[in-house]
Amino acid sequence: MNFKDYKKDLMKKAERAKVENEINNAIYALTKKRDQYIEKARDAYKSGNKSMYAAYVSLLKNAIFNLNQTQDLQANYTIANDLLEMQQLNKKALKTMTGIMKDVYKTCSKINIKESEAVFNKALSKQTDTSMQLKEVLKNNQISFSSSVSQISDVTDDEINDLLQIEVKKQEDKIDDSLDMLEKELSIEKPQQKKIQLLDVEEKAHISGFDDEPKDEPKTESKKNPVIEQENVDTEKLFSYEGNYTFPPLSLLNDDNRNSETAIKNKEDIEKIVKILENKLAEFGIKVKTENYIVGSTFSRIELSLQSSTSLAQIAKYEQDITMALSRKVRLLLPIEGKDLIGVEVENANREGVVLKNMLTSDEASSKYPMTLNIGTDIEYKSKFMKLDGLPHLLVAGTTGSGKSCFIHSLINGIFYRYTPSEVRLVLIDFKRVEFGPYNGVSYLVGGHIYDEHESAFEILENVNAEMERRYDVFLKNGVRNITEYNEKNESKKMPIIITVIDEYADLVGSQFAKKIQVIVQRLAQKARACGIHLVIATQRPTVKVIDGVIKANFPTRIAFSVASYMDSMNIIDTTGAQNLVGKGDMLLAYYNKIERLQAPFISTEEMNSIIKWLLENN
């Protein structure tokens, strides 16, 4: 792909991310509106104000109608673009799809499911290829079009009316259950909802009997609503910490195992590699001169100069041949950033470990800025710390054994050594329970424990979002723009930084709260930076379904550990190379159009357990 095509592709991706972002914002706003109207309708019903109840019911219908239409738009837009990205849907077929959807909407407005299904199938029958492609996408998303239609059409208007009959009674203690069920029946976010809704929302909005005055509670027993309705939470208190703190001693961490003998062996090995590399390139008619080589802990970099007549494309096409000749994993830098040289990164024969203790005692660790995170060490053993407000959020992906989990632990334990619980609050979400489970009870944790269930994760994320909104209100009253300015003006009552770490984000995406959780995460990613709230999201499955365009657009800093294919690498950091990493902490750090290769520090389970035990006993 040439630069022009690459730029055009990037612009398309940016435009899609922008549209998806606008749709998600609209869904979030309409969801909030719907919930407000339900609450106000409930209050009006309790107070016996029939006219206000009818007014809020009318507003509620409009909100639900618009919400359903917006989510249908999101589903159709996503499927069409996914097909385009897979190059299975051409422009002509896409235009046909648009016409099909318009016909379906026109038919649905007449509240005739059978007729709309017929229109859909008839239109698709003229485009056999499009039909097959659409069904394949639906299959991949575990959606059955035919079963979706049959489920909807099996629910008659009479059955729905029976569920929504409300008769006036004096017992106000039963009204909550009735209206909760009403919300459940009208909510498009229930777990069994399909991504494509052929039933137009107008059908739901014009259910007979819904506009009538309150009559009686439904005879049908209401079921538990999967959507959690939380009581008012004092988020300022929830995310604050009062108490003394003693930092753990560095003696709990292991020293590194680097030695001069290993370094000498690696240097001798690279000198041999240089000769093999020069000879191999010469076989292809490419003359190079070795200008320098740097021996690192995990990999070494050979820096070469080219003849002026040699193009970079000539070398790029021989990457596999070079890998075979050197019998090592190879990554090409064409060119090295900031130099008029090309680089060949080669896996070391003898690996030297990088430990957390070295990073925490380095010169770079002395600056706290007000807050920096330890990331890793570069090829020259220099520690890389990044300003948290410059990240401002971090996306981490890698396969099993790549060093992803160890890196997350090094981040968390680095915080234990450099900041107090009054400065940093941690929200740890882990559905496997094994990664973050040992941290239960540590004073840094919001609530004093990790969140290992979908419901509790949804609750705490909602509280994080509420705290974000509260902080912005406080900033407005104090005439400041961000947390740094506020803390400078309020030395005696500073706001702590809040870091939310989600291990295996794909599990959240697949939960029954997926839609709401994704909206909250996207909202936090867009707005939370200025008020000191940051996200760290990790996943083993860097697919487009998990790491979508909206997430990528709001996570400019991403880390790719070793992945299975170049496609996974492209999805994480927008370039290839992660598939050639050697694992065990070898990473590519991508931030603001820069790519840097680092080695994550190692922290053993024994070290981690010793630190946690010390914290529990002394704080």
# chains A, B, ... in the order shown; residues from 1 in each chain; ligands from 1

$ residues_around --residues "His393 of chain A" --least-positions-apart "6" --cutoff "8 Å" --atoms "only C-alpha atoms" --output "list in words"
Ala525, His534, Leu535, Val536, Asn554, Phe555, Pro556 and Thr557 of chain A

$ residues_around --residues "segment 288-302 of chain A" --least-positions-apart "6" --cutoff "7 Å" --atoms "only C-alpha atoms" --output "list of chain:residue names"
A:Lys267, A:Glu278, A:Gly343, A:Val344, A:Glu345, A:Val346, A:Glu347, A:Asn348, A:Arg351, A:Glu352, A:Gly353, A:Ile379, A:Glu380

$ atom_distance --atom1 "atom CA of Val509 of chain A" --atom2 "atom CA of Glu462 of chain A"
15.5 Å

$ residues_around --residues "Thr400 of chain A" --least-positions-apart "6" --cutoff "10 Å" --atoms "only C-alpha atoms" --output "PyMOL selection string"
chain A and resi 539-541+561-563+583-584

$ closest_residue --among "A:Ser47, A:Gln36, A:Thr543, A:Asn24" --to "Ile520 of chain A" --atoms "only C-alpha atoms"
A:Asn24

$ atom_distance --atom1 "atom CA of Thr575 of chain A" --atom2 "atom CA of Val354 of chain A"
26.0 Å

$ atom_distance --atom1 "atom CA of Tyr369 of chain A" --atom2 "atom CA of Asn619 of chain A"
25.0 Å

$ residues_around --residues "Lys368 of chain A" --least-positions-apart "6" --cutoff "10 Å" --atoms "only C-alpha atoms" --output "ChimeraX atom specification"
/A:385-388,418-419

$ write_last_selection --atoms "N, CA and C atoms" --output "CSV table (one decimal), in the first residue's frame"
chain,number,residue,atom,x,y,z
A,385,PHE,N,9.2,6.0,31.7
A,385,PHE,CA,8.1,6.4,32.4
A,385,PHE,C,7.2,7.3,31.6
A,386,MET,N,5.9,7.2,31.7
A,386,MET,CA,5.0,8.1,30.9
A,386,MET,C,4.1,8.8,31.8
A,387,LYS,N,3.9,10.1,31.5
A,387,LYS,CA,3.0,11.0,32.3
A,387,LYS,C,1.6,10.5,32.1
A,388,LEU,N,0.9,10.3,33.2
A,388,LEU,CA,-0.5,9.7,33.1
A,388,LEU,C,-1.4,10.6,32.4
A,418,ARG,N,5.3,4.3,44.8
A,418,ARG,CA,5.6,5.7,44.4
A,418,ARG,C,4.5,6.6,44.9
A,419,TYR,N,3.3,6.1,45.1
A,419,TYR,CA,2.2,7.0,45.5
A,419,TYR,C,1.4,6.4,46.6

$ residues_around --residues "Leu581 of chain A" --least-positions-apart "5" --cutoff "12 Å" --atoms "only C-alpha atoms" --output "ChimeraX atom specification"
/A:298-299,328-332,345-348,398-399,401-403,560-566,569,576,586-588,597-599

$ select_by_dssp --residues "segment 416-468 of chain A" --states "strand (DSSP E or B)" --output "PyMOL selection string"
chain A and resi 424-430+445+451

$ write_last_selection --atoms "C-alpha atoms" --output "mmCIF file, in the first residue's frame"
data_model
loop_
_atom_site.group_PDB
_atom_site.id
_atom_site.type_symbol
_atom_site.label_atom_id
_atom_site.label_comp_id
_atom_site.auth_asym_id
_atom_site.auth_seq_id
_atom_site.Cartn_x
_atom_site.Cartn_y
_atom_site.Cartn_z
ATOM 1 C CA VAL A 424 -4.225 7.179 43.712
ATOM 2 C CA ARG A 425 -7.363 5.049 43.929
ATOM 3 C CA LEU A 426 -7.567 1.786 42.002
ATOM 4 C CA VAL A 427 -10.632 0.079 40.508
ATOM 5 C CA LEU A 428 -9.642 -3.469 39.557
ATOM 6 C CA ILE A 429 -12.028 -5.521 37.392
ATOM 7 C CA ASP A 430 -11.098 -9.165 36.833
ATOM 8 C CA LEU A 445 -8.723 -0.459 46.133
ATOM 9 C CA TYR A 451 -14.827 -6.551 41.000
#

$ residues_around --residues "Leu341 of chain A" --least-positions-apart "3" --cutoff "8 Å" --atoms "only C-alpha atoms" --output "VMD selection string"
chain A and resid 303 to 306 334 to 336

$ closest_residue --among "A:Phe239, A:Phe458, A:Phe475, A:Tyr37" --to "Lys516 of chain A" --atoms "only C-alpha atoms"
A:Phe458
